[in-house]
file input_35.pdb (PDB, C-alpha atoms)
MODEL        1
ATOM      1  CA  MET A  13      33.315   4.274  15.545  1.00  0.00           C
ATOM      2  CA  SER A  14      30.262   3.789  17.740  1.00  0.00           C
ATOM      3  CA  ALA A  15      28.175   0.638  17.734  1.00  0.00           C
ATOM      4  CA  ALA A  16      24.718   1.914  16.858  1.00  0.00           C
ATOM      5  CA  ALA A  17      21.743  -0.401  16.673  1.00  0.00           C
ATOM      6  CA  PRO A  18      21.237  -1.596  13.100  1.00  0.00           C
ATOM      7  CA  GLN A  19      18.346   0.080  11.332  1.00  0.00           C
ATOM      8  CA  SER A  20      15.890  -2.175   9.561  1.00  0.00           C
ATOM      9  CA  ARG A  21      16.239  -1.773   5.821  1.00  0.00           C
ATOM     10  CA  GLY A  22      12.451  -1.654   5.640  1.00  0.00           C
ATOM     11  CA  GLY A  23      12.466   1.693   7.424  1.00  0.00           C
ATOM     12  CA  VAL A  24      15.136   3.335   5.287  1.00  0.00           C
ATOM     13  CA  THR A  25      13.833   6.571   3.789  1.00  0.00           C
ATOM     14  CA  VAL A  26      13.537   6.279   0.004  1.00  0.00           C
ATOM     15  CA  GLY A  27      11.525   9.430  -0.716  1.00  0.00           C
ATOM     16  CA  THR A  28       8.691  11.577   0.565  1.00  0.00           C
ATOM     17  CA  LEU A  29       4.948  11.096   0.598  1.00  0.00           C
ATOM     18  CA  SER A  30       4.472  14.370  -1.244  1.00  0.00           C
ATOM     19  CA  GLU A  31       6.309  12.915  -4.260  1.00  0.00           C
ATOM     20  CA  LEU A  32       3.891   9.998  -4.636  1.00  0.00           C
ATOM     21  CA  PRO A  33       0.825   9.821  -6.884  1.00  0.00           C
ATOM     22  CA  ALA A  34      -2.517   9.895  -5.027  1.00  0.00           C
ATOM     23  CA  LEU A  35      -3.119   6.135  -4.918  1.00  0.00           C
ATOM     24  CA  GLU A  36       0.340   5.333  -3.588  1.00  0.00           C
ATOM     25  CA  ALA A  37       0.292   8.176  -1.046  1.00  0.00           C
ATOM     26  CA  GLY A  38      -3.152   7.064   0.125  1.00  0.00           C
ATOM     27  CA  ALA A  39      -1.916   3.482   0.485  1.00  0.00           C
ATOM     28  CA  VAL A  40       0.940   4.604   2.758  1.00  0.00           C
ATOM     29  CA  ILE A  41      -1.213   6.943   4.836  1.00  0.00           C
ATOM     30  CA  TYR A  42      -3.899   4.284   5.313  1.00  0.00           C
ATOM     31  CA  LEU A  43      -1.275   1.616   6.070  1.00  0.00           C
ATOM     32  CA  ARG A  44      -0.066   3.833   8.891  1.00  0.00           C
ATOM     33  CA  HIS A  45      -3.634   4.389  10.080  1.00  0.00           C
ATOM     34  CA  TRP A  46      -4.422   0.677  10.046  1.00  0.00           C
ATOM     35  CA  PHE A  47      -1.471  -0.338  12.182  1.00  0.00           C
ATOM     36  CA  SER A  48      -1.612   2.605  14.593  1.00  0.00           C
ATOM     37  CA  GLY A  49      -4.564   1.183  16.503  1.00  0.00           C
ATOM     38  CA  ALA A  50      -8.321   1.028  16.720  1.00  0.00           C
ATOM     39  CA  GLU A  51      -8.759   4.786  17.091  1.00  0.00           C
ATOM     40  CA  THR A  52      -6.928   5.631  13.868  1.00  0.00           C
ATOM     41  CA  ARG A  53      -8.696   2.794  12.015  1.00  0.00           C
ATOM     42  CA  GLU A  54     -12.025   4.226  13.120  1.00  0.00           C
ATOM     43  CA  GLN A  55     -10.923   7.702  11.991  1.00  0.00           C
ATOM     44  CA  MET A  56     -10.047   6.179   8.607  1.00  0.00           C
ATOM     45  CA  ARG A  57     -13.499   4.555   8.373  1.00  0.00           C
ATOM     46  CA  ARG A  58     -15.235   7.852   9.225  1.00  0.00           C
ATOM     47  CA  ASP A  59     -13.171   9.727   6.638  1.00  0.00           C
ATOM     48  CA  PHE A  60     -14.067   7.164   3.976  1.00  0.00           C
ATOM     49  CA  GLU A  61     -17.772   7.346   4.837  1.00  0.00           C
ATOM     50  CA  ALA A  62     -17.847  11.145   4.912  1.00  0.00           C
ATOM     51  CA  ASN A  63     -16.242  11.426   1.502  1.00  0.00           C
ATOM     52  CA  PHE A  64     -17.533   8.439  -0.421  1.00  0.00           C
ATOM     53  CA  GLY A  65     -20.728   7.159   1.158  1.00  0.00           C
ATOM     54  CA  PRO A  66     -21.197   4.142   3.377  1.00  0.00           C
ATOM     55  CA  GLU A  67     -21.374   1.421   0.728  1.00  0.00           C
ATOM     56  CA  MET A  68     -18.195   2.177  -1.225  1.00  0.00           C
ATOM     57  CA  ALA A  69     -16.363   3.284   1.909  1.00  0.00           C
ATOM     58  CA  GLY A  70     -17.288   0.081   3.717  1.00  0.00           C
ATOM     59  CA  ALA A  71     -16.085  -2.119   0.874  1.00  0.00           C
ATOM     60  CA  ALA A  72     -12.797  -0.222   0.546  1.00  0.00           C
ATOM     61  CA  PHE A  73     -12.231  -0.260   4.301  1.00  0.00           C
ATOM     62  CA  GLU A  74     -12.827  -4.025   4.497  1.00  0.00           C
ATOM     63  CA  ALA A  75     -10.610  -4.751   1.486  1.00  0.00           C
ATOM     64  CA  PHE A  76      -7.805  -2.596   2.867  1.00  0.00           C
ATOM     65  CA  GLY A  77      -8.104  -4.276   6.258  1.00  0.00           C
ATOM     66  CA  CYS A  78      -7.893  -7.736   4.672  1.00  0.00           C
ATOM     67  CA  LEU A  79      -4.800  -6.669   2.745  1.00  0.00           C
ATOM     68  CA  CYS A  80      -3.057  -5.270   5.834  1.00  0.00           C
ATOM     69  CA  ASN A  81      -4.036  -8.219   8.021  1.00  0.00           C
ATOM     70  CA  PHE A  82      -2.790 -10.664   5.396  1.00  0.00           C
ATOM     71  CA  CYS A  83       0.572  -8.867   5.328  1.00  0.00           C
ATOM     72  CA  ALA A  84       0.740  -9.039   9.119  1.00  0.00           C
ATOM     73  CA  ALA A  85      -0.233 -12.715   9.277  1.00  0.00           C
ATOM     74  CA  HIS A  86       1.924 -13.982   6.419  1.00  0.00           C
ATOM     75  CA  GLY A  87       4.677 -11.388   6.187  1.00  0.00           C
ATOM     76  CA  ARG A  88       8.296 -12.374   5.929  1.00  0.00           C
ATOM     77  CA  ARG A  89       8.735  -9.874   8.772  1.00  0.00           C
ATOM     78  CA  PRO A  90       6.674  -6.969  10.130  1.00  0.00           C
ATOM     79  CA  LEU A  91       6.301  -4.054   7.702  1.00  0.00           C
ATOM     80  CA  VAL A  92       8.264  -1.078   8.985  1.00  0.00           C
ATOM     81  CA  ARG A  93       6.289   2.161   8.980  1.00  0.00           C
ATOM     82  CA  HIS A  94       7.145   5.783   9.655  1.00  0.00           C
ATOM     83  CA  GLY A  95       5.054   7.864  12.063  1.00  0.00           C
ATOM     84  CA  MET A  96       1.591   9.168  11.249  1.00  0.00           C
ATOM     85  CA  ALA A  97       2.742  12.753  10.727  1.00  0.00           C
ATOM     86  CA  CYS A  98       6.054  11.904   9.027  1.00  0.00           C
ATOM     87  CA  ASN A  99       6.467  12.965   5.388  1.00  0.00           C
ATOM     88  CA  CYS A 100       9.233  10.383   4.842  1.00  0.00           C
ATOM     89  CA  LEU A 101       8.533   7.324   2.734  1.00  0.00           C
ATOM     90  CA  GLY A 102      10.115   4.129   4.010  1.00  0.00           C
ATOM     91  CA  ALA A 103      11.271   1.227   1.846  1.00  0.00           C
ATOM     92  CA  ASP A 104       8.553  -1.139   3.131  1.00  0.00           C
ATOM     93  CA  GLU A 105       5.890   1.532   2.699  1.00  0.00           C
ATOM     94  CA  ASN A 106       7.093   2.144  -0.852  1.00  0.00           C
ATOM     95  CA  CYS A 107       6.948  -1.572  -1.650  1.00  0.00           C
ATOM     96  CA  PHE A 108       3.404  -1.811  -0.247  1.00  0.00           C
ATOM     97  CA  ALA A 109       2.252   1.262  -2.194  1.00  0.00           C
ATOM     98  CA  ASN A 110       3.754   0.008  -5.440  1.00  0.00           C
ATOM     99  CA  LEU A 111       2.200  -3.419  -4.914  1.00  0.00           C
ATOM    100  CA  LEU A 112      -1.230  -1.841  -4.552  1.00  0.00           C
ATOM    101  CA  ALA A 113      -0.790   0.440  -7.563  1.00  0.00           C
ATOM    102  CA  SER A 114       0.692  -2.266  -9.828  1.00  0.00           C
ATOM    103  CA  ALA A 115      -2.059  -4.706  -8.943  1.00  0.00           C
ATOM    104  CA  ALA A 116      -4.769  -2.052  -9.483  1.00  0.00           C
ATOM    105  CA  GLU A 117      -3.319  -1.253 -12.914  1.00  0.00           C
ATOM    106  CA  GLY A 118      -3.308  -4.915 -13.933  1.00  0.00           C
ATOM    107  CA  GLN A 119       0.483  -5.220 -13.917  1.00  0.00           C
ATOM    108  CA  GLN A 120       0.302  -8.692 -12.408  1.00  0.00           C
ATOM    109  CA  ASP A 121       3.936  -9.707 -12.971  1.00  0.00           C
ATOM    110  CA  ASP A 122       5.226  -6.605 -11.200  1.00  0.00           C
ATOM    111  CA  ALA A 123       2.647  -6.986  -8.429  1.00  0.00           C
ATOM    112  CA  GLN A 124       3.630 -10.635  -7.945  1.00  0.00           C
ATOM    113  CA  ILE A 125       7.309  -9.716  -7.540  1.00  0.00           C
ATOM    114  CA  LEU A 126       6.477  -6.937  -5.069  1.00  0.00           C
ATOM    115  CA  ALA A 127       4.187  -9.290  -3.140  1.00  0.00           C
ATOM    116  CA  SER A 128       7.019 -11.796  -2.802  1.00  0.00           C
ATOM    117  CA  LEU A 129       9.063  -9.124  -1.032  1.00  0.00           C
ATOM    118  CA  ILE A 130       6.346  -8.754   1.616  1.00  0.00           C
ATOM    119  CA  VAL A 131       5.123 -12.326   2.132  1.00  0.00           C
ATOM    120  CA  THR A 132       6.546 -15.783   1.561  1.00  0.00           C
ATOM    121  CA  PRO A 133       6.609 -16.773  -2.122  1.00  0.00           C
ATOM    122  CA  ARG A 134       3.832 -19.347  -1.697  1.00  0.00           C
ATOM    123  CA  LYS A 135       1.510 -16.580  -0.415  1.00  0.00           C
ATOM    124  CA  ALA A 136       2.483 -13.998  -3.057  1.00  0.00           C
ATOM    125  CA  SER A 137      -0.323 -14.882  -5.506  1.00  0.00           C
ATOM    126  CA  GLU A 138      -2.939 -14.538  -2.804  1.00  0.00           C
ATOM    127  CA  LEU A 139      -1.516 -11.186  -1.696  1.00  0.00           C
ATOM    128  CA  THR A 140      -1.444 -10.007  -5.318  1.00  0.00           C
ATOM    129  CA  GLN A 141      -5.152 -10.805  -5.683  1.00  0.00           C
ATOM    130  CA  LEU A 142      -6.012  -9.009  -2.439  1.00  0.00           C
ATOM    131  CA  ALA A 143      -3.969  -6.006  -3.579  1.00  0.00           C
ATOM    132  CA  SER A 144      -5.767  -5.987  -6.927  1.00  0.00           C
ATOM    133  CA  ASP A 145      -9.205  -6.060  -5.301  1.00  0.00           C
ATOM    134  CA  CYS A 146      -8.228  -3.396  -2.793  1.00  0.00           C
ATOM    135  CA  GLY A 147      -6.402  -1.227  -5.325  1.00  0.00           C
ATOM    136  CA  LEU A 148      -9.393  -1.066  -7.652  1.00  0.00           C
ATOM    137  CA  LEU A 149     -11.642   0.055  -4.796  1.00  0.00           C
ATOM    138  CA  MET A 150      -9.079   2.530  -3.495  1.00  0.00           C
ATOM    139  CA  ARG A 151      -8.711   4.009  -6.953  1.00  0.00           C
ATOM    140  CA  GLN A 152     -12.474   4.647  -7.010  1.00  0.00           C
ATOM    141  CA  VAL A 153     -12.529   6.028  -3.475  1.00  0.00           C
ATOM    142  CA  LEU A 154      -9.635   8.383  -4.196  1.00  0.00           C
ATOM    143  CA  GLY A 155     -10.969   9.358  -7.625  1.00  0.00           C
ATOM    144  CA  VAL A 156      -7.796   8.200  -9.364  1.00  0.00           C
ATOM    145  CA  GLN A 157      -8.079   7.558 -13.086  1.00  0.00           C
ATOM    146  CA  PRO A 158      -6.269   4.551 -14.526  1.00  0.00           C
ATOM    147  CA  PRO A 159      -3.084   5.516 -16.344  1.00  0.00           C
ATOM    148  CA  MET A 160      -3.225   5.771 -20.102  1.00  0.00           C
ATOM    149  CA  GLN A 161      -1.511   2.786 -21.694  1.00  0.00           C
ATOM    150  CA  SER A 162       1.246   4.055 -23.913  1.00  0.00           C
ATOM    151  CA  ALA A 163       3.645   2.175 -26.096  1.00  0.00           C
ATOM    152  CA  ARG A 164       6.563   0.891 -24.050  1.00  0.00           C
ATOM    153  CA  PRO A 165       9.773   2.683 -24.992  1.00  0.00           C
ATOM    154  CA  ALA A 166      12.744   0.644 -26.183  1.00  0.00           C
ATOM    155  CA  THR A 167      14.568   1.728 -23.044  1.00  0.00           C
ATOM    156  CA  ALA A 168      13.247   2.336 -19.560  1.00  0.00           C
ATOM    157  CA  THR A 169      15.756   5.055 -18.677  1.00  0.00           C
ATOM    158  CA  LEU A 170      13.952   8.145 -17.418  1.00  0.00           C
ATOM    159  CA  HIS A 171      16.760  10.660 -16.904  1.00  0.00           C
TER     160      HIS A 171
ENDMDL
END
call {"tool": "encode", "arguments": {"input": "input_35.pdb", "output": "structure tokens"}}
result
Amino acid sequence: MSAAAPQSRGGVTVGTLSELPALEAGAVIYLRHWFSGAETREQMRRDFEANFGPEMAGAAFEAFGCLCNFCAAHGRRPLVRHGMACNCLGADENCFANLLASAAEGQQDDAQILASLIVTPRKASELTQLASDCGLLMRQVLGVQPPMQSARPATATLH
């Protein structure tokens, strides 16, 4: 048995980007852009402006930046990300995407739990609020409609 370096659980592949809904996939792609340096952040800003106009794009860009910077400043550990061109979805990326989507959909309890996986528990409420603000803007920028609220089934088993 060889002694390989332990892989961070945050980078473990849990799916693919192509399997995610638009908001969650966008969150992961933009998370990668944000932390890949000034050049990719500027590319992200230009893409937003070209597609959605300067006012909405500027607000979404600022909100997303605040969210990412908050995670970096108050994170329990650095968020592990896959490469810019990788189709894999890492565990940390999945948590971040689900936080953003849950918060945008008003599922505050779920968002709070997901936030506590990223930051210390005392910062989770603040992260949840940032994710809600950002998620609502991102939903508009990406043209994502809120999900229809259906009656909750007696069981949550899908398959």
call {"tool": "atom_distance", "arguments": {"input": "input_35.pdb", "atom1": "CA of Gly147 (chain A)", "atom2": "CA of Gly102 (chain A)"}}
result
19.7 Å
call {"tool": "resolve_selection", "arguments": {"input": "input_35.pdb", "expression": "the PyMOL selection byres ((chain A and resi 53) around 12)", "output": "VMD selection string"}}
result
chain A and resid 41 to 52 54 to 60 73 to 74 76 to 77 80
call {"tool": "residues_around", "arguments": {"input": "input_35.pdb", "residues": "Leu154 (chain A)", "least_positions_apart": "3", "cutoff": "8 Å", "atoms": "all atoms listed in the file", "output": "list in words"}}
result
Ala34, Leu35, Gly38, Met150 and Arg151 of chain A
call {"tool": "closest_residue", "arguments": {"input": "input_35.pdb", "among": "A:Leu126, A:Leu111, A:Val92, A:Leu142", "to": "Thr25 (chain A)", "atoms": "all atoms listed in the file"}}
result
A:Val92
call {"tool": "residues_around", "arguments": {"input": "input_35.pdb", "residues": "region 83-87 of chain A", "least_positions_apart": "6", "cutoff": "7 Å", "atoms": "all atoms listed in the file", "output": "ChimeraX atom specification"}}
result
/A:130-132
call {"tool": "resolve_selection", "arguments": {"input": "input_35.pdb", "expression": "the PyMOL selection byres ((chain A and resi 153) around 9)", "output": "list of chain:residue names"}}
result
A:Phe60, A:Asn63, A:Phe64, A:Met68, A:Ala69, A:Ala72, A:Leu148, A:Leu149, A:Met150, A:Arg151, A:Gln152, A:Leu154, A:Gly155, A:Val156
call {"tool": "residues_around", "arguments": {"input": "input_35.pdb", "residues": "Leu101 (chain A)", "least_positions_apart": "4", "cutoff": "9 Å", "atoms": "all atoms listed in the file", "output": "list in words"}}
result
Gly23, Val24, Thr25, Val26, Gly27, Thr28, Leu29, Val40, Arg93, His94, Glu105 and Asn106 of chain A
call {"tool": "closest_residue", "arguments": {"input": "input_35.pdb", "among": "A:Thr140, A:Glu36, A:Ala62, A:Pro133", "to": "Asp121 (chain A)", "atoms": "all atoms listed in the file"}}
result
A:Thr140
call {"tool": "build_atoms", "arguments": {"input": "input_35.pdb", "residues": "region 102-113 of chain A", "atoms": "all heavy atoms", "output": "mmCIF file, in the frame of the given file"}}
result
data_model
loop_
_atom_site.group_PDB
_atom_site.id
_atom_site.type_symbol
_atom_site.label_atom_id
_atom_site.label_comp_id
_atom_site.auth_asym_id
_atom_site.auth_seq_id
_atom_site.Cartn_x
_atom_site.Cartn_y
_atom_site.Cartn_z
ATOM 1 N N GLY A 102 9.203 5.222 3.726
ATOM 2 C CA GLY A 102 10.115 4.129 4.010
ATOM 3 C C GLY A 102 10.101 3.084 2.906
ATOM 4 O O GLY A 102 9.167 3.013 2.099
ATOM 5 N N ALA A 103 11.144 2.256 2.878
ATOM 6 C CA ALA A 103 11.271 1.227 1.846
ATOM 7 C C ALA A 103 10.097 0.249 1.871
ATOM 8 O O ALA A 103 9.543 -0.083 0.808
ATOM 9 C CB ALA A 103 12.592 0.481 2.019
ATOM 10 N N ASP A 104 9.696 -0.222 3.054
ATOM 11 C CA ASP A 104 8.553 -1.139 3.131
ATOM 12 C C ASP A 104 7.270 -0.454 2.686
ATOM 13 O O ASP A 104 6.445 -1.046 1.983
ATOM 14 C CB ASP A 104 8.374 -1.662 4.560
ATOM 15 C CG ASP A 104 9.357 -2.760 4.929
ATOM 16 O OD1 ASP A 104 10.173 -3.172 4.072
ATOM 17 O OD2 ASP A 104 9.300 -3.218 6.092
ATOM 18 N N GLU A 105 7.084 0.784 3.103
ATOM 19 C CA GLU A 105 5.890 1.532 2.699
ATOM 20 C C GLU A 105 5.854 1.701 1.187
ATOM 21 O O GLU A 105 4.795 1.571 0.556
ATOM 22 C CB GLU A 105 5.871 2.898 3.385
ATOM 23 C CG GLU A 105 5.710 2.826 4.879
ATOM 24 C CD GLU A 105 5.911 4.158 5.574
ATOM 25 O OE1 GLU A 105 6.726 4.983 5.095
ATOM 26 O OE2 GLU A 105 5.254 4.379 6.599
ATOM 27 N N ASN A 106 6.997 1.978 0.594
ATOM 28 C CA ASN A 106 7.093 2.144 -0.852
ATOM 29 C C ASN A 106 6.740 0.837 -1.577
ATOM 30 O O ASN A 106 6.020 0.846 -2.577
ATOM 31 C CB ASN A 106 8.489 2.626 -1.230
ATOM 32 C CG ASN A 106 8.599 3.008 -2.675
ATOM 33 O OD1 ASN A 106 7.787 3.769 -3.191
ATOM 34 N ND2 ASN A 106 9.604 2.488 -3.348
ATOM 35 N N CYS A 107 7.244 -0.264 -1.057
ATOM 36 C CA CYS A 107 6.948 -1.572 -1.650
ATOM 37 C C CYS A 107 5.441 -1.853 -1.579
ATOM 38 O O CYS A 107 4.835 -2.272 -2.566
ATOM 39 C CB CYS A 107 7.734 -2.660 -0.925
ATOM 40 S SG CYS A 107 7.569 -4.298 -1.641
ATOM 41 N N PHE A 108 4.840 -1.606 -0.434
ATOM 42 C CA PHE A 108 3.404 -1.811 -0.247
ATOM 43 C C PHE A 108 2.603 -0.939 -1.215
ATOM 44 O O PHE A 108 1.674 -1.413 -1.875
ATOM 45 C CB PHE A 108 3.022 -1.498 1.208
ATOM 46 C CG PHE A 108 1.576 -1.688 1.523
ATOM 47 C CD1 PHE A 108 1.080 -2.930 1.857
ATOM 48 C CD2 PHE A 108 0.705 -0.605 1.507
ATOM 49 C CE1 PHE A 108 -0.271 -3.108 2.158
ATOM 50 C CE2 PHE A 108 -0.642 -0.767 1.802
ATOM 51 C CZ PHE A 108 -1.131 -2.026 2.132
ATOM 52 N N ALA A 109 2.965 0.328 -1.311
ATOM 53 C CA ALA A 109 2.252 1.262 -2.194
ATOM 54 C C ALA A 109 2.369 0.850 -3.654
ATOM 55 O O ALA A 109 1.394 0.898 -4.406
ATOM 56 C CB ALA A 109 2.792 2.678 -1.996
ATOM 57 N N ASN A 110 3.560 0.433 -4.054
ATOM 58 C CA ASN A 110 3.754 0.008 -5.440
ATOM 59 C C ASN A 110 3.051 -1.306 -5.731
ATOM 60 O O ASN A 110 2.564 -1.522 -6.845
ATOM 61 C CB ASN A 110 5.249 -0.081 -5.770
ATOM 62 C CG ASN A 110 5.796 1.270 -6.135
ATOM 63 O OD1 ASN A 110 5.518 1.781 -7.212
ATOM 64 N ND2 ASN A 110 6.550 1.869 -5.241
ATOM 65 N N LEU A 111 2.975 -2.187 -4.751
ATOM 66 C CA LEU A 111 2.200 -3.419 -4.914
ATOM 67 C C LEU A 111 0.738 -3.082 -5.198
ATOM 68 O O LEU A 111 0.146 -3.580 -6.154
ATOM 69 C CB LEU A 111 2.305 -4.281 -3.652
ATOM 70 C CG LEU A 111 1.270 -5.407 -3.519
ATOM 71 C CD1 LEU A 111 1.419 -6.439 -4.626
ATOM 72 C CD2 LEU A 111 1.363 -6.046 -2.149
ATOM 73 N N LEU A 112 0.175 -2.217 -4.400
ATOM 74 C CA LEU A 112 -1.230 -1.841 -4.552
ATOM 75 C C LEU A 112 -1.475 -1.187 -5.914
ATOM 76 O O LEU A 112 -2.421 -1.546 -6.619
ATOM 77 C CB LEU A 112 -1.634 -0.891 -3.422
ATOM 78 C CG LEU A 112 -3.113 -0.636 -3.263
ATOM 79 C CD1 LEU A 112 -3.795 -1.841 -2.657
ATOM 80 C CD2 LEU A 112 -3.345 0.577 -2.383
ATOM 81 N N ALA A 113 -0.615 -0.267 -6.291
ATOM 82 C CA ALA A 113 -0.790 0.440 -7.563
ATOM 83 C C ALA A 113 -0.591 -0.496 -8.758
ATOM 84 O O ALA A 113 -1.378 -0.471 -9.701
ATOM 85 C CB ALA A 113 0.179 1.616 -7.647
#
